[in-house]
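What follows is the content of coords-v1.csv (CSV, N, CA and C atoms and all ligand atoms).
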```csv
chain,number,residue,atom,x,y,z
A,1,MET,N,79.5,7.0,28.8
A,1,MET,CA,79.9,5.9,27.9
A,1,MET,C,79.2,6.0,26.5
A,2,ASN,N,79.9,5.9,25.5
A,2,ASN,CA,79.3,6.0,24.1
A,2,ASN,C,78.9,4.6,23.7
A,3,HIS,N,77.6,4.4,23.4
A,3,HIS,CA,77.2,3.1,22.9
A,3,HIS,C,77.2,3.1,21.4
A,4,TYR,N,77.6,2.0,20.9
A,4,TYR,CA,77.6,1.8,19.4
A,4,TYR,C,76.7,0.7,19.0
A,5,VAL,N,76.1,1.0,17.8
A,5,VAL,CA,75.3,-0.1,17.2
A,5,VAL,C,76.1,-0.5,15.9
A,6,TRP,N,75.8,-1.6,15.3
A,6,TRP,CA,76.5,-2.1,14.1
A,6,TRP,C,75.6,-2.0,12.9
A,7,LYS,N,75.9,-1.2,11.9
A,7,LYS,CA,75.0,-1.0,10.8
A,7,LYS,C,75.5,-1.7,9.6
A,8,CYS,N,74.6,-2.3,8.9
A,8,CYS,CA,74.9,-2.9,7.6
A,8,CYS,C,75.2,-1.9,6.5
A,9,SER,N,76.3,-2.1,5.7
A,9,SER,CA,76.6,-1.1,4.7
A,9,SER,C,75.7,-1.2,3.5
A,10,CYS,N,75.0,-2.3,3.4
A,10,CYS,CA,74.2,-2.5,2.2
A,10,CYS,C,72.7,-2.1,2.4
A,11,CYS,N,72.2,-2.1,3.6
A,11,CYS,CA,70.9,-1.7,3.9
A,11,CYS,C,70.8,-1.0,5.2
A,12,ASP,N,69.7,-0.7,5.7
A,12,ASP,CA,69.6,0.0,7.0
A,12,ASP,C,69.4,-0.8,8.2
A,13,PHE,N,69.7,-2.1,8.1
A,13,PHE,CA,69.6,-3.0,9.2
A,13,PHE,C,70.7,-2.7,10.2
A,14,VAL,N,70.3,-2.7,11.5
A,14,VAL,CA,71.3,-2.4,12.6
A,14,VAL,C,71.2,-3.5,13.6
A,15,TYR,N,72.4,-3.9,14.1
A,15,TYR,CA,72.5,-4.9,15.2
A,15,TYR,C,72.9,-4.1,16.4
A,16,ASP,N,72.1,-4.2,17.5
A,16,ASP,CA,72.4,-3.6,18.8
A,16,ASP,C,72.7,-4.7,19.8
A,17,GLU,N,73.9,-4.5,20.3
A,17,GLU,CA,74.4,-5.5,21.3
A,17,GLU,C,73.5,-5.7,22.5
A,18,LEU,N,72.9,-4.6,22.9
A,18,LEU,CA,72.0,-4.6,24.1
A,18,LEU,C,70.7,-5.4,23.8
A,19,ILE,N,70.3,-5.4,22.5
A,19,ILE,CA,69.1,-6.1,22.1
A,19,ILE,C,69.3,-7.5,21.7
A,20,GLY,N,70.5,-7.7,21.0
A,20,GLY,CA,70.7,-9.0,20.4
A,20,GLY,C,69.8,-9.3,19.2
A,21,GLN,N,69.5,-10.5,18.9
A,21,GLN,CA,68.6,-10.8,17.8
A,21,GLN,C,67.8,-12.1,18.2
A,22,HIS,N,66.7,-11.9,18.8
A,22,HIS,CA,65.9,-13.0,19.3
A,22,HIS,C,65.6,-14.1,18.3
A,23,GLU,N,65.2,-13.7,17.0
A,23,GLU,CA,64.9,-14.8,16.0
A,23,GLU,C,66.0,-15.6,15.6
A,24,LYS,N,67.3,-15.1,15.8
A,24,LYS,CA,68.5,-15.9,15.5
A,24,LYS,C,69.1,-16.5,16.7
A,25,GLY,N,68.4,-16.4,17.8
A,25,GLY,CA,68.9,-17.0,19.1
A,25,GLY,C,70.1,-16.3,19.7
A,26,ILE,N,70.3,-15.0,19.3
A,26,ILE,CA,71.3,-14.2,19.8
A,26,ILE,C,70.8,-13.4,21.0
A,27,LEU,N,71.3,-13.7,22.2
A,27,LEU,CA,70.8,-13.1,23.4
A,27,LEU,C,71.1,-11.7,23.6
A,28,PRO,N,70.2,-10.9,24.2
A,28,PRO,CA,70.6,-9.5,24.6
A,28,PRO,C,71.9,-9.5,25.3
A,29,GLY,N,72.7,-8.5,24.9
A,29,GLY,CA,74.0,-8.3,25.6
A,29,GLY,C,75.1,-9.1,24.9
A,30,THR,N,74.8,-9.8,23.8
A,30,THR,CA,75.9,-10.5,23.0
A,30,THR,C,76.7,-9.4,22.2
A,31,THR,N,78.0,-9.3,22.6
A,31,THR,CA,78.8,-8.3,21.9
A,31,THR,C,79.1,-8.7,20.5
A,32,TRP,N,79.4,-7.7,19.6
A,32,TRP,CA,79.6,-8.0,18.2
A,32,TRP,C,80.7,-9.1,18.0
A,33,GLU,N,81.7,-9.1,18.8
A,33,GLU,CA,82.8,-10.1,18.7
A,33,GLU,C,82.3,-11.5,18.9
A,34,ARG,N,81.2,-11.6,19.6
A,34,ARG,CA,80.7,-13.0,19.9
A,34,ARG,C,79.5,-13.4,19.0
A,35,VAL,N,79.1,-12.5,18.1
A,35,VAL,CA,78.2,-12.9,17.1
A,35,VAL,C,78.8,-13.9,16.2
A,36,PRO,N,78.2,-15.0,15.9
A,36,PRO,CA,78.8,-16.1,15.0
A,36,PRO,C,79.4,-15.6,13.7
A,37,GLU,N,80.5,-16.1,13.2
A,37,GLU,CA,81.1,-15.7,12.0
A,37,GLU,C,80.2,-15.9,10.8
A,38,ASN,N,79.3,-16.9,10.9
A,38,ASN,CA,78.4,-17.2,9.8
A,38,ASN,C,77.1,-16.4,9.8
A,39,TRP,N,77.0,-15.5,10.8
A,39,TRP,CA,75.8,-14.6,10.9
A,39,TRP,C,75.7,-13.7,9.7
A,40,ARG,N,74.5,-13.5,9.3
A,40,ARG,CA,74.2,-12.7,8.1
A,40,ARG,C,73.2,-11.6,8.4
A,41,CYS,N,73.2,-10.5,7.7
A,41,CYS,CA,72.2,-9.4,7.8
A,41,CYS,C,70.8,-10.0,7.6
A,42,ALA,N,69.9,-9.7,8.5
A,42,ALA,CA,68.6,-10.2,8.5
A,42,ALA,C,67.8,-9.7,7.3
A,43,VAL,N,68.2,-8.6,6.7
A,43,VAL,CA,67.4,-8.0,5.7
A,43,VAL,C,68.0,-8.4,4.3
A,44,CYS,N,69.3,-8.1,4.1
A,44,CYS,CA,69.9,-8.3,2.7
A,44,CYS,C,70.8,-9.5,2.7
A,45,GLY,N,71.2,-10.1,3.8
A,45,GLY,CA,71.9,-11.3,3.8
A,45,GLY,C,73.4,-11.1,3.6
A,46,THR,N,73.9,-9.9,3.7
A,46,THR,CA,75.3,-9.6,3.6
A,46,THR,C,76.1,-10.2,4.8
A,47,ASP,N,77.4,-10.5,4.7
A,47,ASP,CA,78.1,-11.0,5.8
A,47,ASP,C,78.5,-9.9,6.8
A,48,ARG,N,78.9,-10.3,8.0
A,48,ARG,CA,79.1,-9.4,9.1
A,48,ARG,C,80.4,-8.5,8.9
A,49,SER,N,81.2,-8.8,8.0
A,49,SER,CA,82.4,-8.0,7.7
A,49,SER,C,82.0,-6.6,7.0
A,50,LYS,N,80.8,-6.6,6.5
A,50,LYS,CA,80.3,-5.4,5.9
A,50,LYS,C,79.6,-4.4,6.8
A,51,PHE,N,79.5,-4.8,8.1
A,51,PHE,CA,78.9,-4.0,9.1
A,51,PHE,C,80.0,-3.0,9.7
A,52,ALA,N,79.5,-1.8,10.0
A,52,ALA,CA,80.4,-0.8,10.6
A,52,ALA,C,79.8,-0.2,11.9
A,53,PRO,N,80.6,0.1,12.9
A,53,PRO,CA,80.0,0.7,14.1
A,53,PRO,C,79.5,2.1,13.9
A,54,LEU,N,78.4,2.4,14.5
A,54,LEU,CA,77.8,3.7,14.4
A,54,LEU,C,77.4,4.2,15.8
A,55,PRO,N,77.8,5.4,16.2
A,55,PRO,CA,77.4,5.8,17.6
A,55,PRO,C,75.9,5.9,17.7
A,56,LEU,N,75.4,5.4,18.8
A,56,LEU,CA,73.9,5.3,19.0
A,56,LEU,C,73.2,6.7,18.8
A,57,ASP,N,73.8,7.8,19.3
A,57,ASP,CA,73.1,9.1,19.1
A,57,ASP,C,73.0,9.4,17.6
A,58,GLU,N,74.0,9.1,16.8
A,58,GLU,CA,73.9,9.4,15.4
A,58,GLU,C,72.8,8.5,14.7
A,59,TYR,N,72.7,7.3,15.2
A,59,TYR,CA,71.7,6.4,14.7
A,59,TYR,C,70.3,6.9,15.0
A,60,LEU,N,70.1,7.3,16.3
A,60,LEU,CA,68.8,7.9,16.7
A,60,LEU,C,68.5,9.1,15.9
A,61,LEU,N,69.5,9.9,15.7
A,61,LEU,CA,69.3,11.1,14.9
A,61,LEU,C,68.8,10.8,13.4
A,62,MET,N,69.4,9.7,12.9
A,62,MET,CA,69.1,9.2,11.6
A,62,MET,C,67.6,8.8,11.5
A,63,CYS,N,67.2,8.1,12.6
A,63,CYS,CA,65.9,7.5,12.7
A,63,CYS,C,64.8,8.6,12.9
A,64,PHE,N,65.1,9.5,13.9
A,64,PHE,CA,64.1,10.4,14.3
A,64,PHE,C,64.3,11.8,13.8
A,65,GLY,N,65.5,12.1,13.4
A,65,GLY,CA,65.9,13.4,12.9
A,65,GLY,C,65.5,14.5,13.8
A,66,ALA,N,64.8,15.6,13.3
A,66,ALA,CA,64.5,16.8,14.1
A,66,ALA,C,63.4,16.4,15.2
A,67,ASP,N,62.6,15.4,14.9
A,67,ASP,CA,61.6,15.0,15.9
A,67,ASP,C,62.2,14.8,17.3
A,68,MET,N,63.5,14.3,17.3
A,68,MET,CA,64.1,13.9,18.6
A,68,MET,C,64.3,15.1,19.5
A,69,GLN,N,64.6,16.3,18.9
A,69,GLN,CA,64.7,17.5,19.7
A,69,GLN,C,63.5,17.8,20.5
A,70,GLU,N,62.3,17.5,19.9
A,70,GLU,CA,61.1,17.8,20.6
A,70,GLU,C,60.8,16.8,21.7
A,71,LEU,N,61.5,15.6,21.7
A,71,LEU,CA,61.2,14.6,22.7
A,71,LEU,C,62.1,14.8,23.9
A,72,VAL,N,63.2,15.6,23.7
A,72,VAL,CA,64.1,15.9,24.9
A,72,VAL,C,63.5,17.0,25.7
A,73,PRO,N,63.2,16.6,27.0
A,73,PRO,CA,62.6,17.7,27.9
A,73,PRO,C,63.6,18.8,28.2
A,74,ASP,N,63.2,20.0,28.4
A,74,ASP,CA,64.0,21.1,28.8
A,74,ASP,C,64.6,21.0,30.2
A,101,ZN,ZN,71.8,-5.6,5.2
```

Can I see the file as structure tokens?
Amino acid sequence: MNHYVWKCSCCDFVYDELIGQHEKGILPGTTWERVPENWRCAVCGTDRSKFAPLPLDEYLLMCFGADMQELVPD
């Protein structure tokens, strides 16, 4: 199964449904559809319509780049 995270188009903030957002009272496992309409990006304050789904493996590659290859055991 391909897991997606939701990335803000204005900054690098990412919402992960598996993690939720504790400081906003959004529980782990809250799907994007259930995130409140008035929810805003924690970093730049943009609204949720500006977020786009990003496959988790692409996101990890973005964060760790070439280092990730070294973390994967043979
Ligand atoms: Zn943002």

Could you please extract the residues within 6.5 Å of ligand ZN 101 (chain A), counting all atoms listed in the file, and hand them back as a PyMOL selection string?
chain A and resi 8-13+41-46

Out of chain A, which residues get strand (DSSP E or B) from DSSP, as a list of chain:residue names?
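After running DSSP on the backbone, chain A has strand (DSSP E or B) at A:Tyr4, A:Val5, A:Trp6, A:Lys7, A:Cys8, A:Val14, A:Tyr15, A:Gln21, A:Ile26, A:Arg40, A:Asp47, A:Phe51, A:Ala52, A:Pro53, A:Leu54, A:Pro55.
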
Atomic distance atom N of Glu58 (chain A) - atom N of Asn38 (chain A), expressed in Å with one decimal
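Atom N of Asn38 (chain A) lies 27.2 Å from atom N of Glu58 (chain A).
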
Rank nothing, just name the residue among A:Asn2, A:Thr31, A:Tyr59, A:Phe64 nearest to Asp16 (chain A), using only N, CA and C atoms.
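Smallest separation from Asp16 (chain A) among the options: A:Thr31.
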
Using CA of Ala52 (chain A) and CA of Val5 (chain A) as the two end points, give the distance in Å to one decimal.
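Going from CA of Ala52 (chain A) over to CA of Val5 (chain A), I get 8.4 Å.
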
Please list as an mmCIF file with N, CA and C atoms, in the coordinates of the input every residue within 7 Å of Lys7 (chain A), counting only C-alpha atoms and excluding residues in the same chain fewer than 6 positions away.
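This went into out.cif:
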```
data_model
loop_
_atom_site.group_PDB
_atom_site.id
_atom_site.type_symbol
_atom_site.label_atom_id
_atom_site.label_comp_id
_atom_site.auth_asym_id
_atom_site.auth_seq_id
_atom_site.Cartn_x
_atom_site.Cartn_y
_atom_site.Cartn_z
ATOM 1 N N PHE A 13 69.700 -2.100 8.100
ATOM 2 C CA PHE A 13 69.600 -3.000 9.200
ATOM 3 C C PHE A 13 70.700 -2.700 10.200
ATOM 4 N N VAL A 14 70.300 -2.700 11.500
ATOM 5 C CA VAL A 14 71.300 -2.400 12.600
ATOM 6 C C VAL A 14 71.200 -3.500 13.600
ATOM 7 N N TYR A 15 72.400 -3.900 14.100
ATOM 8 C CA TYR A 15 72.500 -4.900 15.200
ATOM 9 C C TYR A 15 72.900 -4.100 16.400
ATOM 10 N N PHE A 51 79.500 -4.800 8.100
ATOM 11 C CA PHE A 51 78.900 -4.000 9.100
ATOM 12 C C PHE A 51 80.000 -3.000 9.700
ATOM 13 N N ALA A 52 79.500 -1.800 10.000
ATOM 14 C CA ALA A 52 80.400 -0.800 10.600
ATOM 15 C C ALA A 52 79.800 -0.200 11.900
ATOM 16 N N PRO A 53 80.600 0.100 12.900
ATOM 17 C CA PRO A 53 80.000 0.700 14.100
ATOM 18 C C PRO A 53 79.500 2.100 13.900
ATOM 19 N N LEU A 54 78.400 2.400 14.500
ATOM 20 C CA LEU A 54 77.800 3.700 14.400
ATOM 21 C C LEU A 54 77.400 4.200 15.800
#
```

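Distance-wise, atom N of Leu60 (chain A) and CA of Thr30 (chain A) end up 19.9 Å apart.
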
Secondary structure check, helix (DSSP H, G or I) residues of chain A, as a list of chain:residue names
A:His22, A:Glu23, A:Lys24, A:Trp32, A:Glu33, A:Arg34, A:Arg48, A:Ser49, A:Lys50, A:Leu56, A:Asp57, A:Glu58, A:Tyr59, A:Leu60, A:Leu61, A:Met62, A:Cys63, A:Phe64, A:Asp67, A:Met68, A:Gln69, A:Glu70, A:Leu71

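With only N, CA and C atoms as the basis for measurement, A:Leu56 is the residue among A:Ile19, A:Leu56, A:Leu61, A:Leu27 that approaches Tyr4 (chain A) most closely.
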